[in-house]
Each structure stands twice: as C-alpha cells, then as structure tokens.
Amino acid sequence: MLGAMGGFPGLLGEKIEPLTQNLLLPWAAMSGTYLQSSREPVLAQPEGRTKLADVLARHQIDALVVFGGNGTLRHIPPLLAELGVVSIGIPTTIDNDVPGTEATLGFFSACDFAHRTIDGIRATGHALQGRIFTLETLGGDTGYIALAVAHSAGADVVLIPEMPYEIAHAAARLKSGIEQRGQALLVYSEGLQDKQAMLDALRGLTGIRIRDSRLGHAQRGSAPSHYDRWLAAEMARHALVALHDGHSSGIVCVEQGQTILRDSLAGMPPRQPDARLYRWINALPREDA
Ligand code: F6P
C-alpha cells in the first residue's frame with residue numbers, strides 16, 4: 001500500500017511513499033491526516049488526467065482509495081471511472097455534508113472539540129452570571145456541526161445557514177435562559193450570513209453582555225474520538241473488501257449505523273439538516289402541530 005502525500009497534486013508530483021503499520025499506528029491517536037490534503041483541482045485539466053495515467057502505470061498502482069468531502073466525492077470518482085481507474089471513496093470531512101451517508105470521518109471528533117469548549121464556557125457562565133455566550137463552529141456553508149453540538153449541549157438557540165431565523169425570537173430565548181439559570185448559549189455555524197450584524201442585533205435587543213468565541217481551524221485538528229477511530233477502521237475494512245471483491249468504483253457510506261458501499265453519489269440531493277431538531281432546540285412550534 002502506497003500513500004500519496006497531499007492529495008492528487010502529490011500523486012501527480014509522485015510524492016508517493018510506502019505506508020506501513022509502524023508508520024500509521026501512532027496516527028490513530030493523532031489529529032489531522034498523515035497524508036495531508038489539497039484543494040487544488042489538478043484533474044480538471046487534460047494534462048492532469050494524462051499525468052495521472054502515466055504515474056499510476058509507472059508505480060503499478062491498480063486502485064485508488066480516495067478520501068474527501070462533498071466536492072471531491074461527487075466529482076472525482078465519476079472522473080476516475082471515465083478514465084478506467086479503479087477507486088473506492090471514503091467520506092472524510094468534519095462538515096458531515098456528504099449526501100448518501102449518515103456520517104463522515106472527523107465529524108464526531110469535531111463535535112467533541114466543540115463540547116470541550118462549551119464545557120469551559122458553561123463553567124465560566126456559572127462563575128460569571130448574567131452573560132450570553134455565543135459560539136461559532138466550523139462547518140463551511142453547512143450547519144451540521146452547530147446543530148448536533150447545540151442539541152447535545154442543551155443550547156438555547158442554534159443558527160445555521162440552511163434555516164431562516166427571527167432575531168427577536170432568538171433574543172427572547174436567550175433572555176429567558178439568563179432569567180432561568182443566569183447564563184445562556186447560542187451556537188452558530190461559520191457559514192451564517194451577516195454574523196456581526198446578528199451579534200449586534202442581539203446586544204441591542206437583549207441589553208445583556210454577549211461574549212463571543214470562535215472555534216476556528218483548531219476544530220479541524222481535534223483529537224480523534226472513539227467513534228471516529230471505529231469508523232476509520234470500519235470504512236478502511238469495507239474499502240479493502242470492496243477492492244478484493246472486484247468492485248471498480250464505489251463510495252463507503254454509513255446507513256443505519258453500518259458501513260455500506262454505494263456505486264456513486266451521482267444524482268443524490270444535498271443533505272438537509274434535520275428541521276425538526278432545529279425547531280426543537282429553538283423552541284419553535286412543530287411544523288406538523
Ligand atoms: O473541510 C471543511 C472545513 O473544515 C470547513 O468546516 C471549513 O470552513 C474549512 O474546511 C476550512 O478550510 P479553509 O480554510 O480552506 O476554508
């Protein structure tokens with residue numbers, strides 16, 4: 001088994017090295033990726049595709065295991081199939097926004113990271129009463145992390161890019177949190193529009209001190225949780241079995257808690273956050289009520 005350092009640019013640049021268990025085992029406990037990654041779309045150009053065929057032949061590589069998020073897994077596997085390259089995809093992003101899978105590698109560790117920060121914020125909120133705390137999570141233009149974390153942390157309000165919100169309602173929820181327990185928490189996703197205006201409006205409407213924290217890129221580099229380690233091992237197992245069984249293309253996904261192999265993600269609608277959960281956290285009336 002070989003590893004290409006830095007994604008497809010690394011593969012095309014022949015930054016290729018043998019992957020051994022000795023090398024990789026410590027990485028089970030470490031943040032991020034030994035292989036590094038890239039956002040450069042080197043296969044978009046015909047020269048990139050020609051180079052790929054050349055490198056795969058020269059290094060006698062007969063299959064690729066492709067790790068990536070939504071963009072990579074929707075575009076690269078069909079392209080590889082067109083080029084006759086055998087590949088299995090593994091959804092790897094903290095954002096959890098890949099269609100066709102309930103879970104992507106990294107999401108649960110990123111949520112754990114947010115919880116550690118919220119635990120600290122709650123302790124501070126207990127000591128310094130009468131403040132509203134707001135926390136920005138990563139998530140790109142999606143709100144899965146914010147929604148999941150807000151739910152399990154018992155936040156008063158969650159705001160995500162996919163859902164509209166009423167600032168007066170959010171302000172009233174936060175004010176009532178302060179009245180009931182002396183502290184209130186709003187979790188929002190980085191992709192939310194006009195974040196500063198939202199925070200300013202809350203200050204104006206509540207008249208309460210608001211302290212904002214941002215998790216930023218530290219959240220991408222959080223230590224792997226047990227579930228993510230399990231998922232990594234299970235997705236890797238499934239990908240290898242698929243290759244041994246002669247599949248020429250596929251994406252390892254999670255369905256009802258189990259790994260499955262999908263032929264591709266083509267035609268799958270974008271994932272939608274759970275609207276019921278969003279309404280529950282924000283104490284909005286049930287849509288079916
Ligand atoms: O890979 C997705 C992600 O972790 C998003 O949550 C985040 O917005 C982004 O990466 C950060 O990377 P960049 O700085 O390249 O936008």
# chains A, B, ... in the order shown; residues from 1 in each chain; ligands from 1

call {"tool": "residues_near_ligand", "arguments": {"ligand": "ligand 1", "cutoff": "12 Å", "atoms": "only C-alpha atoms and all ligand atoms", "output": "PyMOL selection string"}}
result
chain A and resi 32+37-40+67-72+91-98+104-107+109-111+136-146+189-192+215-222

call {"tool": "closest_atom_pairs", "arguments": {"of": "range 98-124 of chain A", "to": "range 149-160 of chain A", "cutoff": "9 Å", "atoms": "only C-alpha atoms", "output": "CSV"}}
result
residue,atom,partner,partner_atom,distance
A:Cys111,CA,A:Val149,CA,6.0
A:Asp112,CA,A:Val149,CA,8.3
A:Ala114,CA,A:Val149,CA,7.0
A:His115,CA,A:Val149,CA,7.0
A:Ile118,CA,A:Ala153,CA,7.5
A:Asp119,CA,A:Ala153,CA,8.5

call {"tool": "residues_around", "arguments": {"residues": "Arg237 in chain A", "least_positions_apart": "5", "cutoff": "10 Å", "atoms": "only C-alpha atoms", "output": "PDB file with all heavy atoms, in the first residue's frame"}}
result
ATOM      1  N   LEU A 231     -14.985   4.235  13.047  1.00  0.00           N
ATOM      2  CA  LEU A 231     -15.467   4.481  11.684  1.00  0.00           C
ATOM      3  C   LEU A 231     -14.321   4.385  10.673  1.00  0.00           C
ATOM      4  O   LEU A 231     -14.481   3.825   9.585  1.00  0.00           O
ATOM      5  CB  LEU A 231     -16.121   5.868  11.637  1.00  0.00           C
ATOM      6  CG  LEU A 231     -16.978   6.203  10.425  1.00  0.00           C
ATOM      7  CD1 LEU A 231     -18.087   5.177  10.234  1.00  0.00           C
ATOM      8  CD2 LEU A 231     -17.562   7.607  10.555  1.00  0.00           C
ATOM      9  N   ALA A 232     -13.156   4.925  11.049  1.00  0.00           N
ATOM     10  CA  ALA A 232     -11.989   4.871  10.167  1.00  0.00           C
ATOM     11  C   ALA A 232     -11.616   3.415   9.886  1.00  0.00           C
ATOM     12  O   ALA A 232     -11.400   3.018   8.735  1.00  0.00           O
ATOM     13  CB  ALA A 232     -10.815   5.607  10.802  1.00  0.00           C
ATOM     14  N   ALA A 242     -14.149  -4.328  -0.646  1.00  0.00           N
ATOM     15  CA  ALA A 242     -14.751  -3.987  -1.945  1.00  0.00           C
ATOM     16  C   ALA A 242     -13.735  -4.178  -3.071  1.00  0.00           C
ATOM     17  O   ALA A 242     -14.060  -4.718  -4.140  1.00  0.00           O
ATOM     18  CB  ALA A 242     -15.262  -2.548  -1.924  1.00  0.00           C
ATOM     19  N   VAL A 252     -17.807   4.276   0.266  1.00  0.00           N
ATOM     20  CA  VAL A 252     -18.207   3.645   1.534  1.00  0.00           C
ATOM     21  C   VAL A 252     -19.040   4.670   2.314  1.00  0.00           C
ATOM     22  O   VAL A 252     -18.568   5.762   2.610  1.00  0.00           O
ATOM     23  CB  VAL A 252     -16.981   3.222   2.375  1.00  0.00           C
ATOM     24  CG1 VAL A 252     -17.440   2.559   3.676  1.00  0.00           C
ATOM     25  CG2 VAL A 252     -16.081   2.281   1.583  1.00  0.00           C
ATOM     26  N   THR A 259     -21.588   0.361   7.782  1.00  0.00           N
ATOM     27  CA  THR A 259     -20.996   0.784   6.513  1.00  0.00           C
ATOM     28  C   THR A 259     -21.597  -0.018   5.365  1.00  0.00           C
ATOM     29  O   THR A 259     -21.840  -1.225   5.488  1.00  0.00           O
ATOM     30  CB  THR A 259     -19.452   0.618   6.514  1.00  0.00           C
ATOM     31  OG1 THR A 259     -19.131  -0.719   6.883  1.00  0.00           O
ATOM     32  CG2 THR A 259     -18.790   1.583   7.460  1.00  0.00           C
TER      33      THR A 259
END

call {"tool": "closest_residue", "arguments": {"among": "A:Arg58, A:Arg211, A:Arg262, A:Arg74", "to": "Glu14 in chain A", "atoms": "only C-alpha atoms"}}
result
A:Arg58

call {"tool": "residues_around", "arguments": {"residues": "Glu82 in chain A", "least_positions_apart": "6", "cutoff": "12 Å", "atoms": "only C-alpha atoms", "output": "PyMOL selection string"}}
result
chain A and resi 49+53+75-76+248-249

call {"tool": "write_last_selection", "arguments": {"atoms": "N, CA and C atoms", "output": "short mmCIF file (atom, residue, chain, number, x, y, z; two decimals), in the first residue's frame"}}
result
data_model
loop_
_atom_site.label_atom_id
_atom_site.label_comp_id
_atom_site.auth_asym_id
_atom_site.auth_seq_id
_atom_site.Cartn_x
_atom_site.Cartn_y
_atom_site.Cartn_z
N ARG A 49 -4.98 14.68 -16.18
CA ARG A 49 -5.50 13.32 -16.35
C ARG A 49 -4.48 12.43 -17.07
N ALA A 53 -2.61 8.93 -15.49
CA ALA A 53 -2.49 7.60 -16.12
C ALA A 53 -1.03 7.16 -16.12
N HIS A 75 -17.29 14.64 -7.53
CA HIS A 75 -16.68 14.89 -8.84
C HIS A 75 -15.58 13.91 -9.24
N ILE A 76 -14.76 13.48 -8.27
CA ILE A 76 -13.57 12.69 -8.65
C ILE A 76 -13.91 11.23 -9.02
N SER A 248 -15.14 -1.90 -9.13
CA SER A 248 -14.24 -0.97 -9.82
C SER A 248 -14.47 0.46 -9.37
N SER A 249 -15.56 0.67 -8.64
CA SER A 249 -15.86 2.03 -8.18
C SER A 249 -16.87 1.95 -7.05
#

call {"tool": "closest_residue", "arguments": {"among": "A:Leu185, A:Pro224, A:Pro273, A:Val86", "to": "Pro161 in chain A", "atoms": "only C-alpha atoms"}}
result
A:Pro273

call {"tool": "closest_residue", "arguments": {"among": "A:Pro18, A:Leu52, A:Phe108, A:Arg116", "to": "Gly84 in chain A", "atoms": "only C-alpha atoms"}}
result
A:Leu52

call {"tool": "residues_around", "arguments": {"residues": "Gly7 in chain A", "least_positions_apart": "2", "cutoff": "8 Å", "atoms": "only C-alpha atoms", "output": "list of chain:residue names"}}
result
A:Ala4, A:Met5, A:Pro9, A:Gly10, A:Leu11, A:Leu35, A:Gln36, A:Ser37, A:Ser38

call {"tool": "select_by_dssp", "arguments": {"residues": "range 35-145 of chain A", "states": "strand (DSSP E)", "output": "list in words"}}
result
Leu64, Val65, Val66, Phe67, Gly68, Ser87, Ile88, Gly89, Ile90, Pro91, Arg131, Ile132, Phe133, Thr134, Leu135, Glu136 and Thr137 of chain A

call {"tool": "closest_residue", "arguments": {"among": "A:Gln183, A:Leu284, A:Gly267, A:Met198", "to": "His169 in chain A", "atoms": "only C-alpha atoms"}}
result
A:Leu284

call {"tool": "residues_around", "arguments": {"residues": "Leu261 in chain A", "least_positions_apart": "3", "cutoff": "7 Å", "atoms": "only C-alpha atoms", "output": "count of residues only"}}
result
4

call {"tool": "residues_around", "arguments": {"residues": "Gly48 in chain A", "least_positions_apart": "2", "cutoff": "12 Å", "atoms": "only C-alpha atoms", "output": "PyMOL selection string"}}
result
chain A and resi 8-13+40-46+50-55+79-80+83

call {"tool": "atom_distance", "arguments": {"atom1": "CA of Gly204 in chain A", "atom2": "CA of Ile178 in chain A"}}
result
15.5 Å

call {"tool": "closest_residue", "arguments": {"among": "A:Ala266, A:Ala197, A:Ala184, A:Leu277", "to": "Met163 in chain A", "atoms": "only C-alpha atoms"}}
result
A:Leu277
